[in-house]
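Enquirer: I have a structure I would like to understand better, so I am pasting it below and will then ask my questions one at a time.
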Amino acid sequence: MSIVLFSSNFTNAQSNINDYKYVIVPNAFDFLDEPDEYRLNTLTKLLLEKYGFITVMEESRMPDEAILNPCLSLKANVLDASGFFYSKLKVELKDCKNNIVFTTAVGESKNKNSQVAYTIALRAAFKSFESFTYQYKENPSILAFGKTDDTESKAEIEKLKEEIKTLKEEKVAVVEVAEIIKEKNIVAANQVKAEVEIKETVTEEVAPEVVEKVVVKEPAIVITETNNSHILYAQKVANGFQLVDNTPKVVYKIKETGMSYVFIVEGKNAIIYKLDATWILEYYENEKLQTKILNIKF
């Protein structure tokens with residue numbers, strides 16, 4: 001039964017898989033808890049490239065023709081079919097309409113170490129790709145899904161130009177904001193230091209009953225440190241990074257700027273920048289500058 005099933009998959013692959021130019025590999029698989037856990041996503045990408053496929057990691061910069069025609073790409077997925085004694089994995093490739101184009105045989109391992117077992121099982125599943133030779137060939141029916149209208153293509157290009165222009169303007173704004181924040185930090189720190197020194201001097205030189213109560217004004221910046229155990233992991237995406245926690249949940253999406261270690265927070269009036277060895281999030285709340293220390297791992 002298993003031999004017949006594999007033969008069917010092979011025939012399907014030989015007649016269809018060459019129609020697709022790219023394979024998109026997700027950053028995480030559903031049966032695992034973290035992005036690229038056990039390095040399985042990276043291994044999937046490398047093994048696909050070994051068998052001749054052009055791969056793109058999910059949410060990274062896509063080739064222009066794949067953007068204009070998503071149906072040129074297949075999406076890779078690894079499925080867990082493990083039992084009590086065996087770790088079992090198989091690989092699926094689906095098209096833009098979520099149809100299964102190719103499924104490998106199940107690879108398995110009895111090793112008790114999850115890292116080793118999953119690696120062996122995945123490599124065994126990829127042996128199915130040795131039964132045929134992949135070579136991309138243009139398929140007119142798939143190419144027809146692309147944006148062939150010149151007017152539409154020009155409109156898309158103009159839209160991209162506008163986005164680039166907006167990004168450049170945002171970069172200029174970030175430089176100005178960074179300088180203002182730096183000046184405010186220095187002023188606030190000096191103000192607190194000066195007022196504390198005045199209070200100490202008056203307390204030493206004047207009798208207690210004569211000294212008026214000195215109130216140290218709260219600085220304009222409130223610093224809130226995050227728990228060091230709350231680590232955000234930076235994943236490369238187009239024009240920047242996404243910061244995910246260990247669930248994994250996307251907490252922030254940040255865009256690169258013209259300055260090193262300075263990022264715009266997407267969807268928020270905020271920036272993230274590096275001060276010495278510390279990553280800092282700054283934003284305004286109730287017209288008051290808020291500063292939060294982040295623990296980011298790149």
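To be explicit about the labels: the chains of the structure tokens are called A, B, and onward in the order shown, and within each one the residues are counted from 1, while ligands get numbers from 1 in the order they are shown.
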Do a neighbour search on range 19-28 of chain A at 8 Å with only C-alpha atoms, toss out local chain neighbours closer than 4 positions, and write the hits as a list of chain:residue names.
Expert: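 Those residues are A:Leu32, A:Glu34, A:Pro35, A:Asp36, A:Glu37, A:Asn41, A:Thr44, A:Lys45, A:Phe53, A:Ile54, A:Thr55, A:Val56, A:Met57, A:Glu58, A:Ala66, A:Cys71, A:Leu72, A:Ser73, A:Leu74, A:Lys75, A:Ala76, A:Asn77, A:Tyr136, A:Lys137, A:Glu138, A:Asn139, A:Ile142.
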Enquirer: Mind writing the picked residues with C-alpha atoms as a PDB file, in the first residue's frame?
Expert:
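Result file again06.pdb:
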ATOM      1  CA  LEU A  32       6.369  23.131  17.352  1.00  0.00           C
ATOM      2  CA  GLU A  34       8.934  28.309  18.714  1.00  0.00           C
ATOM      3  CA  PRO A  35      10.118  29.699  15.355  1.00  0.00           C
ATOM      4  CA  ASP A  36      12.747  27.452  13.769  1.00  0.00           C
ATOM      5  CA  GLU A  37      12.674  25.108  16.770  1.00  0.00           C
ATOM      6  CA  ASN A  41      12.714  25.410   9.233  1.00  0.00           C
ATOM      7  CA  THR A  44      13.785  22.391   5.303  1.00  0.00           C
ATOM      8  CA  LYS A  45      15.060  25.422   3.344  1.00  0.00           C
ATOM      9  CA  PHE A  53      14.341  24.702  -5.625  1.00  0.00           C
ATOM     10  CA  ILE A  54      14.577  28.483  -5.153  1.00  0.00           C
ATOM     11  CA  THR A  55      13.417  29.102  -1.583  1.00  0.00           C
ATOM     12  CA  VAL A  56      12.177  32.199   0.243  1.00  0.00           C
ATOM     13  CA  MET A  57      11.609  32.410   4.005  1.00  0.00           C
ATOM     14  CA  GLU A  58       8.118  33.566   4.960  1.00  0.00           C
ATOM     15  CA  ALA A  66       6.419  36.290  -7.034  1.00  0.00           C
ATOM     16  CA  CYS A  71       0.768  31.398  -7.935  1.00  0.00           C
ATOM     17  CA  LEU A  72       4.386  30.996  -9.080  1.00  0.00           C
ATOM     18  CA  SER A  73       5.189  29.838  -5.540  1.00  0.00           C
ATOM     19  CA  LEU A  74       4.520  26.703  -3.541  1.00  0.00           C
ATOM     20  CA  LYS A  75       4.306  26.782   0.236  1.00  0.00           C
ATOM     21  CA  ALA A  76       6.225  24.132   2.169  1.00  0.00           C
ATOM     22  CA  ASN A  77       4.908  22.585   5.361  1.00  0.00           C
ATOM     23  CA  TYR A 136      11.279  24.832 -13.553  1.00  0.00           C
ATOM     24  CA  LYS A 137       9.309  25.173 -16.793  1.00  0.00           C
ATOM     25  CA  GLU A 138       6.937  28.044 -17.508  1.00  0.00           C
ATOM     26  CA  ASN A 139       3.271  27.035 -17.471  1.00  0.00           C
ATOM     27  CA  ILE A 142      -0.028  29.703 -14.042  1.00  0.00           C
TER      28      ILE A 142
END
Enquirer: Using only C-alpha atoms, determine which residues lie at most 9 Å from range 78-83 of chain A, disregarding the query and same-chain residues fewer than 4 positions distant; provide the list as number ranges by chain.
Expert: A: 29-31, 40-41, 44, 87-93, 106, 108, 122
Enquirer: Given the selection you just returned, output its residues as a file containing N, CA and C atoms, formatted as a PDB file, in the first residue's frame.
Expert:
ATOM      1  N   PHE A  29       6.683  25.888  12.276  1.00  0.00           N
ATOM      2  CA  PHE A  29       5.729  24.841  11.935  1.00  0.00           C
ATOM      3  C   PHE A  29       4.718  24.693  13.063  1.00  0.00           C
ATOM      4  N   ASP A  30       3.490  24.325  12.723  1.00  0.00           N
ATOM      5  CA  ASP A  30       2.389  24.315  13.689  1.00  0.00           C
ATOM      6  C   ASP A  30       2.606  23.343  14.853  1.00  0.00           C
ATOM      7  N   PHE A  31       3.335  22.253  14.636  1.00  0.00           N
ATOM      8  CA  PHE A  31       3.482  21.260  15.697  1.00  0.00           C
ATOM      9  C   PHE A  31       4.602  21.594  16.692  1.00  0.00           C
ATOM     10  N   LEU A  40      14.477  23.123  12.332  1.00  0.00           N
ATOM     11  CA  LEU A  40      13.789  22.375  11.286  1.00  0.00           C
ATOM     12  C   LEU A  40      13.411  23.252  10.097  1.00  0.00           C
ATOM     13  N   ASN A  41      13.057  24.519  10.344  1.00  0.00           N
ATOM     14  CA  ASN A  41      12.714  25.410   9.233  1.00  0.00           C
ATOM     15  C   ASN A  41      13.943  25.704   8.376  1.00  0.00           C
ATOM     16  N   THR A  44      14.726  22.545   6.424  1.00  0.00           N
ATOM     17  CA  THR A  44      13.785  22.391   5.303  1.00  0.00           C
ATOM     18  C   THR A  44      14.218  23.254   4.115  1.00  0.00           C
ATOM     19  N   SER A  87       9.376   9.055  16.026  1.00  0.00           N
ATOM     20  CA  SER A  87       9.162  10.420  15.545  1.00  0.00           C
ATOM     21  C   SER A  87       8.976  10.322  14.036  1.00  0.00           C
ATOM     22  N   LYS A  88       7.840  10.831  13.535  1.00  0.00           N
ATOM     23  CA  LYS A  88       7.519  10.703  12.117  1.00  0.00           C
ATOM     24  C   LYS A  88       7.176  12.071  11.523  1.00  0.00           C
ATOM     25  N   LEU A  89       7.787  12.388  10.385  1.00  0.00           N
ATOM     26  CA  LEU A  89       7.534  13.658   9.707  1.00  0.00           C
ATOM     27  C   LEU A  89       7.323  13.424   8.215  1.00  0.00           C
ATOM     28  N   LYS A  90       6.501  14.262   7.599  1.00  0.00           N
ATOM     29  CA  LYS A  90       6.379  14.270   6.151  1.00  0.00           C
ATOM     30  C   LYS A  90       6.290  15.718   5.675  1.00  0.00           C
ATOM     31  N   VAL A  91       6.611  15.945   4.407  1.00  0.00           N
ATOM     32  CA  VAL A  91       6.648  17.287   3.828  1.00  0.00           C
ATOM     33  C   VAL A  91       5.536  17.424   2.790  1.00  0.00           C
ATOM     34  N   GLU A  92       4.824  18.559   2.868  1.00  0.00           N
ATOM     35  CA  GLU A  92       3.782  18.874   1.898  1.00  0.00           C
ATOM     36  C   GLU A  92       4.134  20.154   1.154  1.00  0.00           C
ATOM     37  N   LEU A  93       3.829  20.192  -0.130  1.00  0.00           N
ATOM     38  CA  LEU A  93       3.953  21.412  -0.925  1.00  0.00           C
ATOM     39  C   LEU A  93       2.572  21.752  -1.478  1.00  0.00           C
ATOM     40  N   VAL A 106       6.667   9.255   4.568  1.00  0.00           N
ATOM     41  CA  VAL A 106       6.906   9.575   5.979  1.00  0.00           C
ATOM     42  C   VAL A 106       8.312   9.141   6.366  1.00  0.00           C
ATOM     43  N   GLU A 108      11.028   8.592   9.497  1.00  0.00           N
ATOM     44  CA  GLU A 108      10.869   8.285  10.918  1.00  0.00           C
ATOM     45  C   GLU A 108      12.202   8.010  11.593  1.00  0.00           C
ATOM     46  N   LEU A 122      13.188  14.140   9.156  1.00  0.00           N
ATOM     47  CA  LEU A 122      13.005  15.101   8.065  1.00  0.00           C
ATOM     48  C   LEU A 122      13.900  14.757   6.878  1.00  0.00           C
TER      49      LEU A 122
END
Enquirer: Nearest to Glu256 in chain A: which of A:Ala124, A:Ile100, A:Ala144, A:Leu167 is it, counting only C-alpha atoms?
Expert: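 Result for the nearest residue to Glu256 in chain A: A:Leu167.
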Enquirer: Pick from A:Met259, A:Val101, A:Phe129, A:Asp245: nearest to Glu179 in chain A, with only C-alpha atoms counted?
Expert: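 Using only C-alpha atoms, Glu179 in chain A sits closest to A:Met259.
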Enquirer: List every residue of range 56-165 of chain A that DSSP, applied to the backbone of this structure, places in alpha helix (DSSP H), and write the result as a VMD selection string.
Expert: chain A and resid 64 to 68 114 to 125 140 to 143 150 to 165
Enquirer: Report, in Å with one decimal, the straight-line distance from CA of Leu281 in chain A to CA of Val265 in chain A.
Expert: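 Separation of CA of Leu281 in chain A and CA of Val265 in chain A: 8.8 Å.
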Enquirer: So how far away is CA of Ala238 in chain A from CA of Lys292 in chain A, in Å?
Expert: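 We find that CA of Lys292 in chain A and CA of Ala238 in chain A lie 25.0 Å from each other.
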Enquirer: Find the distance between CA of Gly146 in chain A and CA of Asn98 in chain A and write it in Å to one decimal.
Expert: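 According to the coordinates, CA of Gly146 in chain A and CA of Asn98 in chain A are separated by 17.3 Å.
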Enquirer: Using only C-alpha atoms, which of A:Ile296, A:Cys96, A:Ala270, A:Leu143 sits nearest Tyr233 in chain A?
Expert: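 Selected residue with least distance to Tyr233 in chain A: A:Ile296.
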Enquirer: Calculated over only C-alpha atoms, which of the candidates A:Phe102, A:Tyr51, A:Tyr261, A:Phe84 has the smallest distance to Asn16 in chain A?
Expert: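 Going through A:Phe102, A:Tyr51, A:Tyr261, A:Phe84 one by one, the smallest distance to Asn16 in chain A is for A:Phe102.
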Enquirer: Could you tell me which of A:Phe126, A:Phe298, A:Phe263, A:Phe132 comes closest to Ile231 in chain A if we count only C-alpha atoms?
Expert: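 Among the listed residues, A:Phe298 lies closest to Ile231 in chain A.
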